[in-house]
file work.pdb (PDB, C-alpha atoms)
ATOM      1  CA  MET A   1     137.067 123.990 167.648  1.00  0.00           C
ATOM      2  CA  GLN A   2     139.775 122.360 169.687  1.00  0.00           C
ATOM      3  CA  HIS A   3     140.845 118.717 169.995  1.00  0.00           C
ATOM      4  CA  GLY A   4     143.767 118.092 172.324  1.00  0.00           C
ATOM      5  CA  ASP A   5     146.493 120.600 171.529  1.00  0.00           C
ATOM      6  CA  VAL A   6     145.151 121.343 168.038  1.00  0.00           C
ATOM      7  CA  VAL A   7     142.664 124.024 167.026  1.00  0.00           C
ATOM      8  CA  TYR A   8     140.712 123.865 163.740  1.00  0.00           C
ATOM      9  CA  VAL A   9     140.056 127.088 161.856  1.00  0.00           C
ATOM     10  CA  MET A  10     138.196 127.495 158.595  1.00  0.00           C
ATOM     11  CA  SER A  11     137.575 130.366 156.215  1.00  0.00           C
ATOM     12  CA  GLY A  12     134.597 130.132 153.951  1.00  0.00           C
ATOM     13  CA  TYR A  13     134.570 132.935 151.433  1.00  0.00           C
ATOM     14  CA  ARG A  14     136.910 132.985 148.432  1.00  0.00           C
ATOM     15  CA  ASN A  15     139.689 130.413 148.460  1.00  0.00           C
ATOM     16  CA  PRO A  16     138.320 128.552 151.501  1.00  0.00           C
ATOM     17  CA  LYS A  17     140.789 126.728 153.707  1.00  0.00           C
ATOM     18  CA  LEU A  18     140.589 124.498 156.766  1.00  0.00           C
ATOM     19  CA  MET A  19     143.682 124.345 158.948  1.00  0.00           C
ATOM     20  CA  ALA A  20     144.663 122.233 161.934  1.00  0.00           C
ATOM     21  CA  VAL A  21     147.052 124.367 164.003  1.00  0.00           C
ATOM     22  CA  ARG A  22     148.990 123.231 167.073  1.00  0.00           C
ATOM     23  CA  LEU A  23     148.507 125.501 170.090  1.00  0.00           C
ATOM     24  CA  GLY A  24     151.328 127.067 172.058  1.00  0.00           C
ATOM     25  CA  ARG A  25     153.145 128.860 169.256  1.00  0.00           C
ATOM     26  CA  THR A  26     153.420 132.575 168.582  1.00  0.00           C
ATOM     27  CA  GLY A  27     154.078 134.783 165.587  1.00  0.00           C
ATOM     28  CA  ASP A  28     153.602 133.931 161.932  1.00  0.00           C
ATOM     29  CA  LEU A  29     153.017 130.167 161.779  1.00  0.00           C
ATOM     30  CA  THR A  30     152.999 129.949 157.980  1.00  0.00           C
ATOM     31  CA  ALA A  31     155.106 127.025 156.726  1.00  0.00           C
ATOM     32  CA  THR A  32     155.998 125.847 160.243  1.00  0.00           C
ATOM     33  CA  ASP A  33     155.357 122.534 161.964  1.00  0.00           C
ATOM     34  CA  ALA A  34     152.601 124.308 163.928  1.00  0.00           C
ATOM     35  CA  VAL A  35     150.343 123.767 160.883  1.00  0.00           C
ATOM     36  CA  VAL A  36     149.538 120.069 161.294  1.00  0.00           C
ATOM     37  CA  TRP A  37     147.507 119.818 158.063  1.00  0.00           C
ATOM     38  CA  GLU A  38     145.279 121.883 155.804  1.00  0.00           C
ATOM     39  CA  ALA A  39     142.484 121.199 153.326  1.00  0.00           C
ATOM     40  CA  THR A  40     140.882 123.187 150.514  1.00  0.00           C
ATOM     41  CA  ARG A  41     138.284 120.719 149.127  1.00  0.00           C
ATOM     42  CA  GLY A  42     134.712 120.175 150.312  1.00  0.00           C
ATOM     43  CA  LEU A  43     134.566 123.313 152.443  1.00  0.00           C
ATOM     44  CA  SER A  44     131.537 125.510 152.945  1.00  0.00           C
ATOM     45  CA  TYR A  45     130.772 129.171 152.591  1.00  0.00           C
ATOM     46  CA  THR A  46     128.242 129.182 155.448  1.00  0.00           C
ATOM     47  CA  PRO A  47     127.832 125.959 157.520  1.00  0.00           C
ATOM     48  CA  SER A  48     130.414 125.408 160.256  1.00  0.00           C
ATOM     49  CA  PRO A  49     132.152 122.046 160.623  1.00  0.00           C
ATOM     50  CA  VAL A  50     131.365 119.579 163.418  1.00  0.00           C
ATOM     51  CA  LEU A  51     134.041 117.836 165.490  1.00  0.00           C
ATOM     52  CA  HIS A  52     132.957 114.535 167.048  1.00  0.00           C
ATOM     53  CA  ASP A  53     134.941 111.491 168.170  1.00  0.00           C
ATOM     54  CA  SER A  54     138.160 112.614 166.410  1.00  0.00           C
ATOM     55  CA  LYS A  55     136.334 113.192 163.130  1.00  0.00           C
ATOM     56  CA  LEU A  56     135.534 116.468 161.382  1.00  0.00           C
ATOM     57  CA  TYR A  57     132.276 116.629 159.419  1.00  0.00           C
ATOM     58  CA  LEU A  58     132.075 119.258 156.686  1.00  0.00           C
ATOM     59  CA  LEU A  59     128.881 120.190 154.853  1.00  0.00           C
ATOM     60  CA  THR A  60     129.014 122.367 151.738  1.00  0.00           C
ATOM     61  CA  ASP A  61     126.309 124.910 150.958  1.00  0.00           C
ATOM     62  CA  SER A  62     125.330 122.731 147.981  1.00  0.00           C
ATOM     63  CA  GLY A  63     124.861 119.515 150.004  1.00  0.00           C
ATOM     64  CA  GLN A  64     128.114 117.587 149.828  1.00  0.00           C
ATOM     65  CA  LEU A  65     129.228 115.925 153.065  1.00  0.00           C
ATOM     66  CA  SER A  66     132.758 114.945 154.063  1.00  0.00           C
ATOM     67  CA  SER A  67     134.247 113.202 157.085  1.00  0.00           C
ATOM     68  CA  LEU A  68     137.934 113.740 157.847  1.00  0.00           C
ATOM     69  CA  ASP A  69     140.258 112.229 160.423  1.00  0.00           C
ATOM     70  CA  ALA A  70     140.874 115.167 162.774  1.00  0.00           C
ATOM     71  CA  ALA A  71     144.486 114.147 163.503  1.00  0.00           C
ATOM     72  CA  THR A  72     145.641 113.744 159.892  1.00  0.00           C
ATOM     73  CA  GLY A  73     143.077 115.470 157.670  1.00  0.00           C
ATOM     74  CA  GLN A  74     142.721 112.266 155.645  1.00  0.00           C
ATOM     75  CA  PRO A  75     139.164 111.725 154.381  1.00  0.00           C
ATOM     76  CA  HIS A  76     136.980 108.859 155.522  1.00  0.00           C
ATOM     77  CA  TYR A  77     134.674 110.039 152.741  1.00  0.00           C
ATOM     78  CA  LEU A  78     134.903 113.213 150.690  1.00  0.00           C
ATOM     79  CA  GLN A  79     132.243 115.420 149.081  1.00  0.00           C
ATOM     80  CA  THR A  80     129.578 112.710 149.137  1.00  0.00           C
ATOM     81  CA  ARG A  81     126.246 113.831 147.724  1.00  0.00           C
ATOM     82  CA  LEU A  82     123.087 113.608 149.782  1.00  0.00           C
ATOM     83  CA  PRO A  83     120.056 111.718 148.368  1.00  0.00           C
ATOM     84  CA  LYS A  84     118.815 114.751 146.428  1.00  0.00           C
ATOM     85  CA  PRO A  85     120.024 118.295 145.665  1.00  0.00           C
ATOM     86  CA  TYR A  86     119.935 120.567 148.702  1.00  0.00           C
ATOM     87  CA  ASN A  87     121.065 123.992 149.807  1.00  0.00           C
ATOM     88  CA  PHE A  88     122.350 124.633 153.321  1.00  0.00           C
ATOM     89  CA  LYS A  89     122.906 127.697 155.453  1.00  0.00           C
ATOM     90  CA  ALA A  90     122.412 125.971 158.821  1.00  0.00           C
ATOM     91  CA  SER A  91     125.374 124.230 160.404  1.00  0.00           C
ATOM     92  CA  PRO A  92     125.000 120.509 161.103  1.00  0.00           C
ATOM     93  CA  ILE A  93     124.938 119.208 164.675  1.00  0.00           C
ATOM     94  CA  ALA A  94     125.940 115.878 166.182  1.00  0.00           C
ATOM     95  CA  ALA A  95     123.720 114.215 168.788  1.00  0.00           C
ATOM     96  CA  GLY A  96     122.979 110.633 169.793  1.00  0.00           C
ATOM     97  CA  GLY A  97     125.319 109.056 167.236  1.00  0.00           C
ATOM     98  CA  ARG A  98     123.752 111.035 164.411  1.00  0.00           C
ATOM     99  CA  LEU A  99     124.474 114.117 162.354  1.00  0.00           C
ATOM    100  CA  TYR A 100     121.442 116.350 161.693  1.00  0.00           C
ATOM    101  CA  LEU A 101     121.425 118.473 158.522  1.00  0.00           C
ATOM    102  CA  ALA A 102     118.610 121.050 158.237  1.00  0.00           C
ATOM    103  CA  SER A 103     118.138 122.108 154.595  1.00  0.00           C
ATOM    104  CA  GLU A 104     116.552 125.111 152.947  1.00  0.00           C
ATOM    105  CA  GLU A 105     114.244 122.671 151.117  1.00  0.00           C
ATOM    106  CA  ALA A 106     112.151 121.553 154.132  1.00  0.00           C
ATOM    107  CA  ASP A 107     114.137 118.344 154.785  1.00  0.00           C
ATOM    108  CA  VAL A 108     116.178 117.396 157.827  1.00  0.00           C
ATOM    109  CA  ILE A 109     118.585 114.669 156.777  1.00  0.00           C
ATOM    110  CA  ILE A 110     119.956 112.304 159.419  1.00  0.00           C
ATOM    111  CA  VAL A 111     123.380 110.765 158.770  1.00  0.00           C
ATOM    112  CA  LYS A 112     125.134 108.149 160.875  1.00  0.00           C
ATOM    113  CA  LEU A 113     128.296 109.432 162.555  1.00  0.00           C
ATOM    114  CA  GLY A 114     131.396 107.462 161.644  1.00  0.00           C
ATOM    115  CA  GLU A 115     133.846 106.620 158.905  1.00  0.00           C
ATOM    116  CA  THR A 116     131.237 105.338 156.438  1.00  0.00           C
ATOM    117  CA  PHE A 117     128.599 107.556 154.837  1.00  0.00           C
ATOM    118  CA  GLU A 118     125.076 106.334 155.638  1.00  0.00           C
ATOM    119  CA  VAL A 119     121.827 108.276 155.494  1.00  0.00           C
ATOM    120  CA  LEU A 120     119.569 107.003 158.282  1.00  0.00           C
ATOM    121  CA  GLY A 121     116.519 108.999 157.298  1.00  0.00           C
ATOM    122  CA  THR A 122     114.983 112.170 155.962  1.00  0.00           C
ATOM    123  CA  ASN A 123     112.219 114.087 157.688  1.00  0.00           C
ATOM    124  CA  THR A 124     110.244 116.577 155.632  1.00  0.00           C
ATOM    125  CA  LEU A 125     108.574 119.529 157.312  1.00  0.00           C
ATOM    126  CA  THR A 126     106.348 120.717 154.484  1.00  0.00           C
ATOM    127  CA  ASP A 127     106.585 124.389 153.490  1.00  0.00           C
ATOM    128  CA  GLN A 128     109.553 125.034 155.801  1.00  0.00           C
ATOM    129  CA  SER A 129     113.011 126.383 155.049  1.00  0.00           C
ATOM    130  CA  PHE A 130     115.843 126.132 157.572  1.00  0.00           C
ATOM    131  CA  ILE A 131     118.660 128.651 157.716  1.00  0.00           C
ATOM    132  CA  ALA A 132     119.200 128.535 161.498  1.00  0.00           C
ATOM    133  CA  SER A 133     121.309 125.722 162.915  1.00  0.00           C
ATOM    134  CA  PRO A 134     119.533 123.012 164.912  1.00  0.00           C
ATOM    135  CA  VAL A 135     120.070 122.940 168.679  1.00  0.00           C
ATOM    136  CA  VAL A 136     119.879 120.138 171.235  1.00  0.00           C
ATOM    137  CA  ALA A 137     118.767 121.103 174.748  1.00  0.00           C
ATOM    138  CA  ALA A 138     117.512 118.928 177.603  1.00  0.00           C
ATOM    139  CA  GLY A 139     117.373 115.922 175.272  1.00  0.00           C
ATOM    140  CA  ASP A 140     115.150 117.634 172.690  1.00  0.00           C
ATOM    141  CA  LEU A 141     115.989 118.792 169.172  1.00  0.00           C
ATOM    142  CA  PHE A 142     114.981 122.352 168.293  1.00  0.00           C
ATOM    143  CA  LEU A 143     114.587 123.425 164.669  1.00  0.00           C
ATOM    144  CA  ARG A 144     113.849 127.025 163.735  1.00  0.00           C
ATOM    145  CA  SER A 145     112.537 127.557 160.232  1.00  0.00           C
ATOM    146  CA  ARG A 146     111.886 130.931 158.675  1.00  0.00           C
ATOM    147  CA  THR A 147     108.363 130.867 160.177  1.00  0.00           C
ATOM    148  CA  HIS A 148     108.180 128.261 162.967  1.00  0.00           C
ATOM    149  CA  LEU A 149     110.027 126.799 165.935  1.00  0.00           C
ATOM    150  CA  PHE A 150     109.828 123.000 166.273  1.00  0.00           C
ATOM    151  CA  ARG A 151     110.656 121.006 169.379  1.00  0.00           C
ATOM    152  CA  ILE A 152     111.243 117.312 168.734  1.00  0.00           C
ATOM    153  CA  GLY A 153     111.484 114.901 171.663  1.00  0.00           C
ATOM    154  CA  GLU A 154     109.854 112.068 173.493  1.00  0.00           C
ATOM    155  CA  LYS A 155     106.654 112.555 175.446  1.00  0.00           C
TER     156      LYS A 155
END
call {"tool": "encode", "arguments": {"input": "work.pdb", "output": "C-alpha cells"}}
result
Amino acid sequence: MQHGDVVYVMSGYRNPKLMAVRLGRTGDLTATDAVVWEATRGLSYTPSPVLHDSKLYLLTDSGQLSSLDAATGQPHYLQTRLPKPYNFKASPIAAGGRLYLASEEADVIIVKLGETFEVLGTNTLTDQSFIASPVVAAGDLFLRSRTHLFRIGEK
C-alpha cells in the first residue's frame, strides 16, 4: 500500500512487523530515516491491512482490530476485541464509511471507519465460513464462503 511518498509493508509469519518506508531510497534502509515508523503489535498472520483516509486498519487472525495513524504509526485504538471471539483469514475491506470483516464463524462484522472503535452491526449467514476476502464491485458487496457466493446490494 502507498500513501503519498510512503509505502507500507507487513510480514505476518514469525516476528511480524509493519513498516512505513519512504520511497526514493536505494540499498539497505535499515536504521535510516527512510524507515518512518514500524510496529510489532496487533499484526496478523493472514489478513492484510486496509489503508483509508490516512488510517491503517489491522485485523489479527484472532479478531483484534487496530486503527493507526498512517503518518506516525500512533494508535487511535489498539488490539480492540470484537463483540465475540472470532477467527479471520479474509482481509477486511473499506467501503461506504464502513469496514467489513468476514469471519470464519458465519458473521460479517461492520465497523465504523474512523479514530473511535464502533461496531455498527453483525450479519450472520448461518452455516457459512469465510476465508476469502470480501469484494465491492458496481456498488454491491460480494462474499464468498466455502460453499456459496453472496451478492449484497440494493434492488
call {"tool": "atom_distance", "arguments": {"input": "work.pdb", "atom1": "atom CA of A:Arg25", "atom2": "atom CA of A:Met10"}}
result
18.4 Å
call {"tool": "closest_residue", "arguments": {"input": "work.pdb", "among": "A:Gln2, A:Ser103, A:Thr72, A:Thr40", "to": "A:His52", "atoms": "only C-alpha atoms"}}
result
A:Gln2
call {"tool": "residues_around", "arguments": {"input": "work.pdb", "residues": "stretch 142-152 of chain A", "least_positions_apart": "4", "cutoff": "7 Å", "atoms": "all atoms listed in the file", "output": "list in words"}}
result
Gln128, Ser129, Phe130, Ile131, Ala132, Pro134, Val135 and Val136 of chain A
call {"tool": "atom_distance", "arguments": {"input": "work.pdb", "atom1": "atom CA of A:Ser44", "atom2": "atom CA of A:Asn87"}}
result
11.0 Å
call {"tool": "closest_residue", "arguments": {"input": "work.pdb", "among": "A:Leu65, A:Ile93, A:Val108, A:Leu51", "to": "A:Tyr8", "atoms": "all atoms listed in the file"}}
result
A:Leu51
call {"tool": "atom_distance", "arguments": {"input": "work.pdb", "atom1": "atom CA of A:Arg81", "atom2": "atom CA of A:Gly63"}}
result
6.3 Å
call {"tool": "resolve_selection", "arguments": {"input": "work.pdb", "expression": "the PyMOL selection byres ((chain A and resi 68) around 9)", "output": "list in words"}}
result
Ser54, Lys55, Leu56, Tyr57, Leu58, Ser66, Ser67, Asp69, Ala70, Ala71, Thr72, Gly73, Gln74, Pro75, His76, Tyr77, Leu78 and Glu115 of chain A
call {"tool": "residues_around", "arguments": {"input": "work.pdb", "residues": "stretch 11-21 of chain A", "least_positions_apart": "5", "cutoff": "9 Å", "atoms": "only C-alpha atoms", "output": "list in words"}}
result
Asp5, Val6, Leu29, Asp33, Ala34, Val35, Val36, Trp37, Glu38, Ala39, Thr40, Arg41, Leu43, Ser44, Tyr45, Thr46, Pro47, Ser48, Ala70, Ala71, Thr72 and Gly73 of chain A
call {"tool": "axis_aligned_box", "arguments": {"input": "work.pdb", "around": "stretch 139-151 of chain A", "padding_each_side": "3 Å", "output": "AutoDock Vina command-line options"}}
result
--center_x 112.8 --center_y 123.4 --center_z 167.0 --size_x 15.2 --size_y 21.0 --size_z 22.6
call {"tool": "closest_residue", "arguments": {"input": "work.pdb", "among": "A:Pro83, A:Gly42, A:Gly114, A:Gly121", "to": "A:Tyr100", "atoms": "all atoms listed in the file"}}
result
A:Gly121
call {"tool": "closest_residue", "arguments": {"input": "work.pdb", "among": "A:Val9, A:Ala106, A:Gln79, A:Thr30", "to": "A:Asn123", "atoms": "only C-alpha atoms"}}
result
A:Ala106
call {"tool": "residues_near_point", "arguments": {"input": "work.pdb", "point": "(124.8, 107.9, 171.4)", "cutoff": "12 Å", "atoms": "all atoms listed in the file", "output": "list of chain:residue names"}}
result
A:His52, A:Asp53, A:Ala94, A:Ala95, A:Gly96, A:Gly97, A:Arg98, A:Leu99, A:Lys112, A:Leu113, A:Gly114, A:Gly139
call {"tool": "build_atoms", "arguments": {"input": "work.pdb", "residues": "stretch 142-155 of chain A", "atoms": "N, CA and C atoms", "output": "PDB file, in the coordinates of the input"}}
result
ATOM      1  N   PHE A 142     115.714 121.148 168.665  1.00  0.00           N
ATOM      2  CA  PHE A 142     114.981 122.352 168.293  1.00  0.00           C
ATOM      3  C   PHE A 142     115.391 122.758 166.885  1.00  0.00           C
ATOM      4  N   LEU A 143     114.386 122.988 166.043  1.00  0.00           N
ATOM      5  CA  LEU A 143     114.587 123.425 164.669  1.00  0.00           C
ATOM      6  C   LEU A 143     113.820 124.724 164.470  1.00  0.00           C
ATOM      7  N   ARG A 144     114.521 125.745 164.002  1.00  0.00           N
ATOM      8  CA  ARG A 144     113.849 127.025 163.735  1.00  0.00           C
ATOM      9  C   ARG A 144     113.859 127.254 162.230  1.00  0.00           C
ATOM     10  N   SER A 145     112.660 127.251 161.653  1.00  0.00           N
ATOM     11  CA  SER A 145     112.537 127.557 160.232  1.00  0.00           C
ATOM     12  C   SER A 145     112.371 129.063 160.090  1.00  0.00           C
ATOM     13  N   ARG A 146     112.109 129.499 158.888  1.00  0.00           N
ATOM     14  CA  ARG A 146     111.886 130.931 158.675  1.00  0.00           C
ATOM     15  C   ARG A 146     110.602 131.410 159.347  1.00  0.00           C
ATOM     16  N   THR A 147     109.668 130.470 159.637  1.00  0.00           N
ATOM     17  CA  THR A 147     108.363 130.867 160.177  1.00  0.00           C
ATOM     18  C   THR A 147     107.953 130.152 161.459  1.00  0.00           C
ATOM     19  N   HIS A 148     108.614 129.062 161.819  1.00  0.00           N
ATOM     20  CA  HIS A 148     108.180 128.261 162.967  1.00  0.00           C
ATOM     21  C   HIS A 148     109.369 127.792 163.808  1.00  0.00           C
ATOM     22  N   LEU A 149     109.071 127.448 165.063  1.00  0.00           N
ATOM     23  CA  LEU A 149     110.027 126.799 165.935  1.00  0.00           C
ATOM     24  C   LEU A 149     109.473 125.427 166.274  1.00  0.00           C
ATOM     25  N   PHE A 150     110.257 124.387 166.014  1.00  0.00           N
ATOM     26  CA  PHE A 150     109.828 123.000 166.273  1.00  0.00           C
ATOM     27  C   PHE A 150     110.666 122.433 167.410  1.00  0.00           C
ATOM     28  N   ARG A 151     109.994 121.731 168.310  1.00  0.00           N
ATOM     29  CA  ARG A 151     110.656 121.006 169.379  1.00  0.00           C
ATOM     30  C   ARG A 151     110.356 119.527 169.164  1.00  0.00           C
ATOM     31  N   ILE A 152     111.398 118.732 169.019  1.00  0.00           N
ATOM     32  CA  ILE A 152     111.243 117.312 168.734  1.00  0.00           C
ATOM     33  C   ILE A 152     111.853 116.525 169.899  1.00  0.00           C
ATOM     34  N   GLY A 153     111.025 115.695 170.529  1.00  0.00           N
ATOM     35  CA  GLY A 153     111.484 114.901 171.663  1.00  0.00           C
ATOM     36  C   GLY A 153     110.480 113.845 172.004  1.00  0.00           C
ATOM     37  N   GLU A 154     110.785 113.098 173.027  1.00  0.00           N
ATOM     38  CA  GLU A 154     109.854 112.068 173.493  1.00  0.00           C
ATOM     39  C   GLU A 154     108.880 112.660 174.471  1.00  0.00           C
ATOM     40  N   LYS A 155     107.662 112.091 174.485  1.00  0.00           N
ATOM     41  CA  LYS A 155     106.654 112.555 175.446  1.00  0.00           C
ATOM     42  C   LYS A 155     106.989 112.096 176.825  1.00  0.00           C
TER      43      LYS A 155
END
